[in-house]
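Content type PDB, C-alpha atoms and all ligand atoms, from the file my_file.pdb:
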MODEL        1
ATOM      1  CA  MET A   1       0.000   0.000   0.000  1.00  0.00           C
ATOM      2  CA  THR A   2       1.336   3.433  -0.851  1.00  0.00           C
ATOM      3  CA  GLN A   3       0.099   6.774   0.381  1.00  0.00           C
ATOM      4  CA  GLN A   4      -0.870   9.795  -1.653  1.00  0.00           C
ATOM      5  CA  ASN A   5       1.306  12.727  -0.753  1.00  0.00           C
ATOM      6  CA  PRO A   6      -0.948  15.482   0.547  1.00  0.00           C
ATOM      7  CA  ASN A   7       1.690  18.114   0.793  1.00  0.00           C
ATOM      8  CA  PHE A   8       4.173  18.221  -2.023  1.00  0.00           C
ATOM      9  CA  ASN A   9       6.181  21.315  -2.664  1.00  0.00           C
ATOM     10  CA  THR A  10       9.389  21.105  -4.684  1.00  0.00           C
ATOM     11  CA  ALA A  11      11.152  23.208  -7.285  1.00  0.00           C
ATOM     12  CA  GLU A  12      11.221  22.502 -11.015  1.00  0.00           C
ATOM     13  CA  HIS A  13      14.509  21.059 -12.273  1.00  0.00           C
ATOM     14  CA  ASP A  14      15.845  20.128 -15.686  1.00  0.00           C
ATOM     15  CA  TRP A  15      18.573  17.581 -15.044  1.00  0.00           C
ATOM     16  CA  HIS A  16      19.027  17.027 -18.796  1.00  0.00           C
ATOM     17  CA  SER A  17      19.973  20.625 -19.555  1.00  0.00           C
ATOM     18  CA  ALA A  18      23.694  21.384 -19.440  1.00  0.00           C
ATOM     19  CA  GLU A  19      22.943  24.995 -18.554  1.00  0.00           C
ATOM     20  CA  TYR A  20      20.679  24.020 -15.643  1.00  0.00           C
ATOM     21  CA  VAL A  21      23.072  21.333 -14.360  1.00  0.00           C
ATOM     22  CA  ASP A  22      26.037  23.728 -14.379  1.00  0.00           C
ATOM     23  CA  GLU A  23      23.949  26.414 -12.686  1.00  0.00           C
ATOM     24  CA  TRP A  24      22.756  23.911 -10.014  1.00  0.00           C
ATOM     25  CA  ILE A  25      26.300  22.695  -9.315  1.00  0.00           C
ATOM     26  CA  ALA A  26      27.583  26.273  -9.049  1.00  0.00           C
ATOM     27  CA  ARG A  27      24.836  27.009  -6.493  1.00  0.00           C
ATOM     28  CA  ASP A  28      25.324  23.713  -4.654  1.00  0.00           C
ATOM     29  CA  VAL A  29      29.011  24.303  -3.941  1.00  0.00           C
ATOM     30  CA  THR A  30      28.042  27.463  -2.052  1.00  0.00           C
ATOM     31  CA  ARG A  31      25.882  25.461   0.411  1.00  0.00           C
ATOM     32  CA  ALA A  32      28.455  25.183   3.160  1.00  0.00           C
ATOM     33  CA  GLU A  33      26.233  22.999   5.369  1.00  0.00           C
ATOM     34  CA  ARG A  34      25.991  20.083   2.927  1.00  0.00           C
ATOM     35  CA  PRO A  35      29.219  18.197   3.744  1.00  0.00           C
ATOM     36  CA  GLY A  36      28.400  18.387   7.481  1.00  0.00           C
ATOM     37  CA  THR A  37      24.903  16.977   6.945  1.00  0.00           C
ATOM     38  CA  LEU A  38      26.295  14.119   4.851  1.00  0.00           C
ATOM     39  CA  GLN A  39      28.956  13.433   7.469  1.00  0.00           C
ATOM     40  CA  GLU A  40      26.206  13.295  10.087  1.00  0.00           C
ATOM     41  CA  MET A  41      24.254  10.844   7.918  1.00  0.00           C
ATOM     42  CA  LEU A  42      27.253   8.597   7.306  1.00  0.00           C
ATOM     43  CA  ALA A  43      28.108   8.521  11.019  1.00  0.00           C
ATOM     44  CA  ILE A  44      25.072   6.204  11.357  1.00  0.00           C
ATOM     45  CA  ALA A  45      26.583   3.646   8.970  1.00  0.00           C
ATOM     46  CA  PRO A  46      27.410   0.537  11.017  1.00  0.00           C
ATOM     47  CA  PHE A  47      30.784  -0.203   9.396  1.00  0.00           C
ATOM     48  CA  PRO A  48      34.406   0.325  10.461  1.00  0.00           C
ATOM     49  CA  LYS A  49      36.227   3.094   8.588  1.00  0.00           C
ATOM     50  CA  ASP A  50      38.456   0.636   6.695  1.00  0.00           C
ATOM     51  CA  ALA A  51      35.584  -1.665   5.618  1.00  0.00           C
ATOM     52  CA  LYS A  52      35.541  -2.729   1.965  1.00  0.00           C
ATOM     53  CA  ILE A  53      31.826  -2.060   1.641  1.00  0.00           C
ATOM     54  CA  ARG A  54      29.825  -1.945  -1.577  1.00  0.00           C
ATOM     55  CA  VAL A  55      27.766   1.231  -1.699  1.00  0.00           C
ATOM     56  CA  LEU A  56      25.006   2.426  -4.039  1.00  0.00           C
ATOM     57  CA  ASP A  57      24.464   6.197  -4.400  1.00  0.00           C
ATOM     58  CA  VAL A  58      20.914   6.709  -5.704  1.00  0.00           C
ATOM     59  CA  GLY A  59      20.407   9.853  -7.797  1.00  0.00           C
ATOM     60  CA  GLY A  60      24.084  10.480  -7.125  1.00  0.00           C
ATOM     61  CA  GLY A  61      24.357  13.463  -9.483  1.00  0.00           C
ATOM     62  CA  ASN A  62      27.817  14.989  -9.674  1.00  0.00           C
ATOM     63  CA  GLY A  63      28.907  13.071  -6.593  1.00  0.00           C
ATOM     64  CA  GLN A  64      28.527  15.054  -3.347  1.00  0.00           C
ATOM     65  CA  VAL A  65      27.327  11.979  -1.455  1.00  0.00           C
ATOM     66  CA  THR A  66      29.829   9.637  -3.130  1.00  0.00           C
ATOM     67  CA  GLU A  67      32.615  12.010  -2.130  1.00  0.00           C
ATOM     68  CA  ALA A  68      31.433  11.950   1.494  1.00  0.00           C
ATOM     69  CA  VAL A  69      31.256   8.123   1.367  1.00  0.00           C
ATOM     70  CA  LEU A  70      34.832   7.881   0.055  1.00  0.00           C
ATOM     71  CA  LYS A  71      35.996  10.205   2.797  1.00  0.00           C
ATOM     72  CA  ALA A  72      34.222   8.214   5.535  1.00  0.00           C
ATOM     73  CA  PHE A  73      35.065   4.782   4.037  1.00  0.00           C
ATOM     74  CA  PRO A  74      38.193   5.068   1.852  1.00  0.00           C
ATOM     75  CA  ASN A  75      37.996   1.401   0.778  1.00  0.00           C
ATOM     76  CA  ALA A  76      34.362   1.565  -0.316  1.00  0.00           C
ATOM     77  CA  GLN A  77      33.414   0.499  -3.819  1.00  0.00           C
ATOM     78  CA  VAL A  78      30.742   2.947  -4.989  1.00  0.00           C
ATOM     79  CA  THR A  79      28.140   2.646  -7.741  1.00  0.00           C
ATOM     80  CA  LEU A  80      26.737   6.066  -8.597  1.00  0.00           C
ATOM     81  CA  GLN A  81      23.305   5.863 -10.248  1.00  0.00           C
ATOM     82  CA  ASP A  82      21.531   8.747 -11.994  1.00  0.00           C
ATOM     83  CA  TYR A  83      19.304   9.366 -15.039  1.00  0.00           C
ATOM     84  CA  SER A  84      21.203  12.443 -16.163  1.00  0.00           C
ATOM     85  CA  GLN A  85      24.149  11.622 -18.426  1.00  0.00           C
ATOM     86  CA  LEU A  86      25.359  15.185 -17.824  1.00  0.00           C
ATOM     87  CA  MET A  87      25.550  14.573 -14.072  1.00  0.00           C
ATOM     88  CA  LEU A  88      27.258  11.199 -14.592  1.00  0.00           C
ATOM     89  CA  ASP A  89      29.843  12.841 -16.884  1.00  0.00           C
ATOM     90  CA  ARG A  90      30.620  15.455 -14.241  1.00  0.00           C
ATOM     91  CA  ALA A  91      30.896  12.765 -11.559  1.00  0.00           C
ATOM     92  CA  ALA A  92      33.178  10.629 -13.763  1.00  0.00           C
ATOM     93  CA  LYS A  93      35.492  13.615 -14.196  1.00  0.00           C
ATOM     94  CA  ARG A  94      35.454  14.324 -10.455  1.00  0.00           C
ATOM     95  CA  PHE A  95      36.299  10.713  -9.513  1.00  0.00           C
ATOM     96  CA  ALA A  96      38.649   9.879 -12.409  1.00  0.00           C
ATOM     97  CA  LYS A  97      41.523   9.350  -9.968  1.00  0.00           C
ATOM     98  CA  TYR A  98      39.575   6.546  -8.243  1.00  0.00           C
ATOM     99  CA  GLY A  99      39.546   4.358 -11.396  1.00  0.00           C
ATOM    100  CA  ASN A 100      37.027   1.543 -11.110  1.00  0.00           C
ATOM    101  CA  GLN A 101      36.502   2.126  -7.388  1.00  0.00           C
ATOM    102  CA  VAL A 102      33.621   4.315  -8.575  1.00  0.00           C
ATOM    103  CA  THR A 103      31.318   3.041 -11.324  1.00  0.00           C
ATOM    104  CA  TYR A 104      28.340   4.712 -12.983  1.00  0.00           C
ATOM    105  CA  VAL A 105      24.890   3.509 -13.955  1.00  0.00           C
ATOM    106  CA  LEU A 106      22.432   5.471 -16.083  1.00  0.00           C
ATOM    107  CA  SER A 107      18.849   4.597 -15.153  1.00  0.00           C
ATOM    108  CA  ASP A 108      15.564   6.355 -14.465  1.00  0.00           C
ATOM    109  CA  LEU A 109      14.012   5.811 -11.039  1.00  0.00           C
ATOM    110  CA  PHE A 110      10.574   5.900 -12.695  1.00  0.00           C
ATOM    111  CA  ASP A 111      11.513   2.799 -14.697  1.00  0.00           C
ATOM    112  CA  PRO A 112      10.372  -0.282 -12.727  1.00  0.00           C
ATOM    113  CA  LYS A 113      13.540  -2.018 -13.990  1.00  0.00           C
ATOM    114  CA  TRP A 114      15.897   0.742 -12.795  1.00  0.00           C
ATOM    115  CA  THR A 115      17.863  -1.674 -10.568  1.00  0.00           C
ATOM    116  CA  ALA A 116      18.402  -4.269 -13.333  1.00  0.00           C
ATOM    117  CA  SER A 117      21.801  -2.937 -14.404  1.00  0.00           C
ATOM    118  CA  LEU A 118      23.123  -2.451 -10.860  1.00  0.00           C
ATOM    119  CA  LYS A 119      25.639  -5.062  -9.819  1.00  0.00           C
ATOM    120  CA  GLY A 120      24.387  -5.683  -6.290  1.00  0.00           C
ATOM    121  CA  PRO A 121      24.026  -6.711  -3.615  1.00  0.00           C
ATOM    122  CA  PHE A 122      25.196  -3.694  -1.632  1.00  0.00           C
ATOM    123  CA  ASP A 123      26.091  -3.267   2.038  1.00  0.00           C
ATOM    124  CA  MET A 124      24.717   0.251   2.010  1.00  0.00           C
ATOM    125  CA  ALA A 125      22.623   2.533  -0.187  1.00  0.00           C
ATOM    126  CA  VAL A 126      22.796   6.295   0.232  1.00  0.00           C
ATOM    127  CA  SER A 127      21.000   9.173  -1.394  1.00  0.00           C
ATOM    128  CA  GLY A 128      21.174  12.953  -1.177  1.00  0.00           C
ATOM    129  CA  ILE A 129      18.307  15.325  -2.025  1.00  0.00           C
ATOM    130  CA  ALA A 130      17.375  13.187  -5.035  1.00  0.00           C
ATOM    131  CA  ILE A 131      14.384  10.924  -4.441  1.00  0.00           C
ATOM    132  CA  HIS A 132      11.969  13.807  -3.709  1.00  0.00           C
ATOM    133  CA  ASN A 133      12.310  14.569  -7.440  1.00  0.00           C
ATOM    134  CA  LEU A 134       9.779  11.760  -8.046  1.00  0.00           C
ATOM    135  CA  ARG A 135       7.134  14.001  -6.406  1.00  0.00           C
ATOM    136  CA  GLU A 136       4.587  11.326  -5.414  1.00  0.00           C
ATOM    137  CA  MET A 137       4.668   8.740  -2.653  1.00  0.00           C
ATOM    138  CA  GLU A 138       3.774   5.868  -4.950  1.00  0.00           C
ATOM    139  CA  PRO A 139       6.924   5.988  -7.125  1.00  0.00           C
ATOM    140  CA  ILE A 140       8.988   7.004  -4.087  1.00  0.00           C
ATOM    141  CA  THR A 141       7.785   3.925  -2.183  1.00  0.00           C
ATOM    142  CA  SER A 142       8.617   1.756  -5.228  1.00  0.00           C
ATOM    143  CA  VAL A 143      12.128   3.205  -5.285  1.00  0.00           C
ATOM    144  CA  TYR A 144      12.515   2.514  -1.538  1.00  0.00           C
ATOM    145  CA  ALA A 145      11.485  -1.100  -2.266  1.00  0.00           C
ATOM    146  CA  GLY A 146      13.835  -1.319  -5.264  1.00  0.00           C
ATOM    147  CA  ILE A 147      16.725  -0.180  -3.078  1.00  0.00           C
ATOM    148  CA  ARG A 148      15.841  -2.798  -0.456  1.00  0.00           C
ATOM    149  CA  GLY A 149      15.893  -5.402  -3.229  1.00  0.00           C
ATOM    150  CA  VAL A 150      19.564  -4.715  -3.998  1.00  0.00           C
ATOM    151  CA  LEU A 151      20.712  -4.540  -0.357  1.00  0.00           C
ATOM    152  CA  LYS A 152      22.338  -7.477   1.425  1.00  0.00           C
ATOM    153  CA  PRO A 153      20.442  -8.867   4.406  1.00  0.00           C
ATOM    154  CA  GLY A 154      21.332  -6.474   7.230  1.00  0.00           C
ATOM    155  CA  GLY A 155      22.189  -3.737   4.729  1.00  0.00           C
ATOM    156  CA  VAL A 156      21.336  -0.118   5.453  1.00  0.00           C
ATOM    157  CA  PHE A 157      19.730   2.675   3.404  1.00  0.00           C
ATOM    158  CA  LEU A 158      20.573   6.219   4.515  1.00  0.00           C
ATOM    159  CA  ASN A 159      18.688   9.040   2.865  1.00  0.00           C
ATOM    160  CA  CYS A 160      19.148  12.770   3.268  1.00  0.00           C
ATOM    161  CA  ASP A 161      16.237  14.482   1.515  1.00  0.00           C
ATOM    162  CA  HIS A 162      13.724  17.335   1.447  1.00  0.00           C
ATOM    163  CA  PHE A 163      11.112  15.327   3.353  1.00  0.00           C
ATOM    164  CA  ALA A 164       9.542  18.459   4.812  1.00  0.00           C
ATOM    165  CA  GLY A 165       8.461  19.652   1.352  1.00  0.00           C
ATOM    166  CA  CYS A 166       7.230  16.209   0.442  1.00  0.00           C
ATOM    167  CA  GLY A 167       4.735  15.056   3.014  1.00  0.00           C
ATOM    168  CA  GLY A 168       7.021  15.096   6.052  1.00  0.00           C
ATOM    169  CA  ILE A 169       9.574  12.593   7.292  1.00  0.00           C
ATOM    170  CA  ALA A 170       6.985  10.455   9.163  1.00  0.00           C
ATOM    171  CA  LEU A 171       5.263   9.690   5.848  1.00  0.00           C
ATOM    172  CA  HIS A 172       8.611   8.541   4.437  1.00  0.00           C
ATOM    173  CA  VAL A 173       9.364   6.351   7.454  1.00  0.00           C
ATOM    174  CA  ASP A 174       5.946   4.696   6.894  1.00  0.00           C
ATOM    175  CA  ALA A 175       6.772   4.290   3.196  1.00  0.00           C
ATOM    176  CA  LEU A 176      10.077   2.608   4.102  1.00  0.00           C
ATOM    177  CA  LYS A 177       8.188   0.171   6.336  1.00  0.00           C
ATOM    178  CA  THR A 178       5.667  -0.420   3.520  1.00  0.00           C
ATOM    179  CA  ALA A 179       8.642  -1.118   1.251  1.00  0.00           C
ATOM    180  CA  GLY A 180       9.585  -3.989   3.559  1.00  0.00           C
ATOM    181  CA  TYR A 181      12.499  -2.710   5.644  1.00  0.00           C
ATOM    182  CA  LYS A 182      12.761  -4.441   9.040  1.00  0.00           C
ATOM    183  CA  LYS A 183      13.338  -1.137  10.786  1.00  0.00           C
ATOM    184  CA  ALA A 184      13.018   2.463   9.621  1.00  0.00           C
ATOM    185  CA  GLU A 185      13.489   5.677  11.534  1.00  0.00           C
ATOM    186  CA  ALA A 186      13.649   9.442  11.265  1.00  0.00           C
ATOM    187  CA  VAL A 187      17.160  10.328  12.333  1.00  0.00           C
ATOM    188  CA  LYS A 188      16.826  14.070  11.781  1.00  0.00           C
ATOM    189  CA  ASP A 189      13.667  16.033  11.067  1.00  0.00           C
ATOM    190  CA  ALA A 190      15.128  19.152   9.485  1.00  0.00           C
ATOM    191  CA  LYS A 191      15.591  20.791   6.069  1.00  0.00           C
ATOM    192  CA  PRO A 192      16.967  18.503   4.737  1.00  0.00           C
ATOM    193  CA  GLY A 193      16.173  15.565   7.019  1.00  0.00           C
ATOM    194  CA  ILE A 194      17.812  12.159   7.396  1.00  0.00           C
ATOM    195  CA  SER A 195      16.120   8.751   7.418  1.00  0.00           C
ATOM    196  CA  ALA A 196      17.676   5.344   8.100  1.00  0.00           C
ATOM    197  CA  ALA A 197      16.260   1.966   7.089  1.00  0.00           C
ATOM    198  CA  TYR A 198      17.591  -1.526   7.746  1.00  0.00           C
ATOM    199  CA  ASN A 199      17.037  -4.589   5.568  1.00  0.00           C
TER     200      ASN A 199
HETATM  201  C1  LIG B 201      19.553  17.768  -6.278  1.00  0.00           C
HETATM  202  S1  LIG B 201      20.489  16.636  -7.262  1.00  0.00           S
HETATM  203  C2  LIG B 201      21.396  15.796  -5.998  1.00  0.00           C
HETATM  204  C3  LIG B 201      22.617  15.128  -6.512  1.00  0.00           C
HETATM  205  C4  LIG B 201      23.465  14.439  -5.436  1.00  0.00           C
HETATM  206  N1  LIG B 201      22.756  13.322  -4.861  1.00  0.00           N
HETATM  207  C5  LIG B 201      23.870  15.403  -4.357  1.00  0.00           C
HETATM  208  O1  LIG B 201      23.558  15.166  -3.176  1.00  0.00           O
HETATM  209  O2  LIG B 201      24.528  16.393  -4.680  1.00  0.00           O
HETATM  210  C6  LIG B 201      19.234  15.462  -7.713  1.00  0.00           C
HETATM  211  C7  LIG B 201      19.715  14.352  -8.625  1.00  0.00           C
HETATM  212  O3  LIG B 201      18.646  13.428  -8.816  1.00  0.00           O
HETATM  213  C8  LIG B 201      18.668  12.994 -10.157  1.00  0.00           C
HETATM  214  N2  LIG B 201      17.334  12.529 -10.549  1.00  0.00           N
HETATM  215  C9  LIG B 201      16.200  13.254 -10.565  1.00  0.00           C
HETATM  216  N3  LIG B 201      15.174  12.503 -11.014  1.00  0.00           N
HETATM  217  C10 LIG B 201      15.688  11.277 -11.295  1.00  0.00           C
HETATM  218  C11 LIG B 201      15.153  10.072 -11.807  1.00  0.00           C
HETATM  219  N4  LIG B 201      13.871   9.980 -12.170  1.00  0.00           N
HETATM  220  N5  LIG B 201      15.972   9.004 -11.956  1.00  0.00           N
HETATM  221  C12 LIG B 201      17.287   9.092 -11.610  1.00  0.00           C
HETATM  222  N6  LIG B 201      17.864  10.214 -11.133  1.00  0.00           N
HETATM  223  C13 LIG B 201      17.080  11.288 -10.976  1.00  0.00           C
HETATM  224  C14 LIG B 201      19.093  14.229 -10.931  1.00  0.00           C
HETATM  225  O4  LIG B 201      19.586  13.925 -12.211  1.00  0.00           O
HETATM  226  C15 LIG B 201      20.123  14.826  -9.998  1.00  0.00           C
HETATM  227  O5  LIG B 201      21.412  14.362 -10.303  1.00  0.00           O
ENDMDL
END
As structure tokens, how would this structure be written, given the file I've shared?
Ligand SMILES: C[S@@+](CC[C@H](N)C(=O)[O-])C[C@H]1O[C@@H](n2cnc3c(N)ncnc32)[C@H](O)[C@@H]1O
Amino acid sequence: MTQQNPNFNTAEHDWHSAEYVDEWIARDVTRAERPGTLQEMLAIAPFPKDAKIRVLDVGGGNGQVTEAVLKAFPNAQVTLQDYSQLMLDRAAKRFAKYGNQVTYVLSDLFDPKWTASLKGPFDMAVSGIAIHNLREMEPITSVYAGIRGVLKPGGVFLNCDHFAGCGGIALHVDALKTAGYKKAEAVKDAKPGISAAYN
């Protein structure tokens, strides 16, 4: 069962326009609070710093979250997924020095088969201000379930997102439970907030 989102309020984006993507990245780098929020999110991850974990970054864009993952877990193997080739190109340039420690997958979260080309299973999935782009709880809940499907048993999904503008974090915690996670919780109810879910 999925819920209709009564309270959706997000900006328009064009992630397939080079002009928009460059403008967004230029604005994003000025948001000084972002690395701290991602650090706070990754502090929840139940792995030692040197763990060779396999991580999926959903809607990874140009790689802010992947960068934070590599900083927190230098031996992590990261798959960065996005539907914008422009974003993937910018991420590939950013992480060129990591070779095949970072790999890229082009897929659309609206496509029910979006996980098919991911080489799971993963120890952890992460996402940063991406999934709210789907705008409705039904596709969002399907994506939460798709992520669970590529996690190892005991794997964790950490999501930092604009829950407040998209129904509120409690609605998302319910959606995570609907998606089948054993445990789901609101870690931080802020703008953006942080949720954690365990497979
Ligand atoms: C606000 S950016 C965030 C990027 C990155 N996660 C970060 O924290 O900087 C949102 C990202 O979600 C991606 N995105 C939006 N809708 C998507 C969809 N339907 N399928 C896959 N990716 C999507 C966009 O291309 C964009 O890279």
Explicit residues for the PyMOL selection byres (((chain A and resi 173-175) around 7) and not hetatm) (as an MDAnalysis selection string)
chainID A and resid 2 141 169:172 176:179 184:186
Would you save the residues from that selection as a tab-separated table (two decimals), in the coordinates of the input, using C-alpha atoms?
chain	number	residue	atom	x	y	z
A	2	THR	CA	1.34	3.43	-0.85
A	141	THR	CA	7.78	3.92	-2.18
A	169	ILE	CA	9.57	12.59	7.29
A	170	ALA	CA	6.98	10.46	9.16
A	171	LEU	CA	5.26	9.69	5.85
A	172	HIS	CA	8.61	8.54	4.44
A	176	LEU	CA	10.08	2.61	4.10
A	177	LYS	CA	8.19	0.17	6.34
A	178	THR	CA	5.67	-0.42	3.52
A	179	ALA	CA	8.64	-1.12	1.25
A	184	ALA	CA	13.02	2.46	9.62
A	185	GLU	CA	13.49	5.68	11.53
A	186	ALA	CA	13.65	9.44	11.26
Write out, as a tab-separated table, each residue of chain A that has an atom at most 6 Å from ligand LIG 201 (chain B), together with the closest pair of atoms and their distance in Å to one decimal, counting all atoms listed in the file, rows going by chain and rising number.
residue	atom	partner	partner_atom	distance
A:Trp15	CA	B:LIG201	O4	4.7
A:Gly59	CA	B:LIG201	O3	4.1
A:Gly60	CA	B:LIG201	N1	3.9
A:Gly61	CA	B:LIG201	O5	3.2
A:Gly63	CA	B:LIG201	C4	5.7
A:Gln64	CA	B:LIG201	O2	4.4
A:Val65	CA	B:LIG201	O1	5.2
A:Asp82	CA	B:LIG201	N6	4.0
A:Tyr83	CA	B:LIG201	C12	4.0
A:Ser84	CA	B:LIG201	O4	4.5
A:Met87	CA	B:LIG201	O5	5.6
A:Ser107	CA	B:LIG201	C12	5.9
A:Asp108	CA	B:LIG201	N5	3.7
A:Leu109	CA	B:LIG201	N5	3.9
A:Phe110	CA	B:LIG201	N4	5.3
A:Ser127	CA	B:LIG201	N1	5.7
A:Gly128	CA	B:LIG201	O1	3.8
A:Ile129	CA	B:LIG201	C2	5.1
A:Ala130	CA	B:LIG201	C6	4.0
A:Asn133	CA	B:LIG201	N3	5.0
Please determine, counting all atoms listed in the file, which residue among A:Thr37, A:Gln85, A:Gln101, A:Thr79 has the shortest atom-to-atom distance to Ser17 of chain A.
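Distance minimum relative to Ser17 of chain A lands on A:Gln85.
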Picked residues, the PyMOL selection byres (((chain A and resi 146) around 10) and not hetatm), as an NGL selection string
:A and (109 or 112-116 or 140-145 or 147-151 or 179)
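Applied to the file shown here, the PyMOL selection byres (((chain A and resi 45) around 8) and not hetatm) selects the residues Met41, Leu42, Ala43, Ile44, Pro46, Phe47, Met124, Val156 and Leu158 of chain A.
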Put a box with edges along x, y and z around all the listed atoms of segment 121-138 of chain A, pad it by 5 Å on each side, then give me its centre and sizes in Å, one decimal, as lines of an AutoDock Vina configuration file.
center_x = 14.9
center_y = 4.3
center_z = -3.0
size_x = 32.3
size_y = 32.0
size_z = 20.1
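Between atom CA of Asp50 of chain A and atom CA of Val78 of chain A the separation is 14.2 Å.
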Please report the interatomic distance between atom CA of Leu70 of chain A and atom CA of Leu86 of chain A in Å with one decimal.
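Pair atom CA of Leu70 of chain A / atom CA of Leu86 of chain A returns 21.5 Å.
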Report the distance between atom CA of Leu134 of chain A and atom CA of Asn159 of chain A in Å, rounded to one decimal place.
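Atom CA of Leu134 of chain A sits 14.3 Å away from atom CA of Asn159 of chain A.
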Selection as number ranges by chain: residues within 7 Å of (18.6, 6.4, 5.5), counting only C-alpha atoms:
A: 126, 157-160, 194-197
From (12.3, 17.2, 4.2), in the file's coordinates, out to 9 Å: which residues are reached, counting only C-alpha atoms? Answer as a JSON list (two decimals) with C-alpha atoms, keeping the file's coordinate frame.
[["chain", "number", "residue", "atom", "x", "y", "z"],
["A", 129, "ILE", "CA", 18.31, 15.32, -2.02],
["A", 132, "HIS", "CA", 11.97, 13.81, -3.71],
["A", 160, "CYS", "CA", 19.15, 12.77, 3.27],
["A", 161, "ASP", "CA", 16.24, 14.48, 1.52],
["A", 162, "HIS", "CA", 13.72, 17.34, 1.45],
["A", 163, "PHE", "CA", 11.11, 15.33, 3.35],
["A", 164, "ALA", "CA", 9.54, 18.46, 4.81],
["A", 165, "GLY", "CA", 8.46, 19.65, 1.35],
["A", 166, "CYS", "CA", 7.23, 16.21, 0.44],
["A", 167, "GLY", "CA", 4.74, 15.06, 3.01],
["A", 168, "GLY", "CA", 7.02, 15.10, 6.05],
["A", 169, "ILE", "CA", 9.57, 12.59, 7.29],
["A", 189, "ASP", "CA", 13.67, 16.03, 11.07],
["A", 190, "ALA", "CA", 15.13, 19.15, 9.48],
["A", 191, "LYS", "CA", 15.59, 20.79, 6.07],
["A", 192, "PRO", "CA", 16.97, 18.50, 4.74],
["A", 193, "GLY", "CA", 16.17, 15.56, 7.02],
["A", 194, "ILE", "CA", 17.81, 12.16, 7.40]]
Identify which of the residues A:Arg90, A:His16, A:Arg34, A:Arg54 lies closest to Lys152 of chain A, counting only C-alpha atoms when measuring atom-to-atom distances.
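Counting only C-alpha atoms, the residue closest to Lys152 of chain A is A:Arg54.
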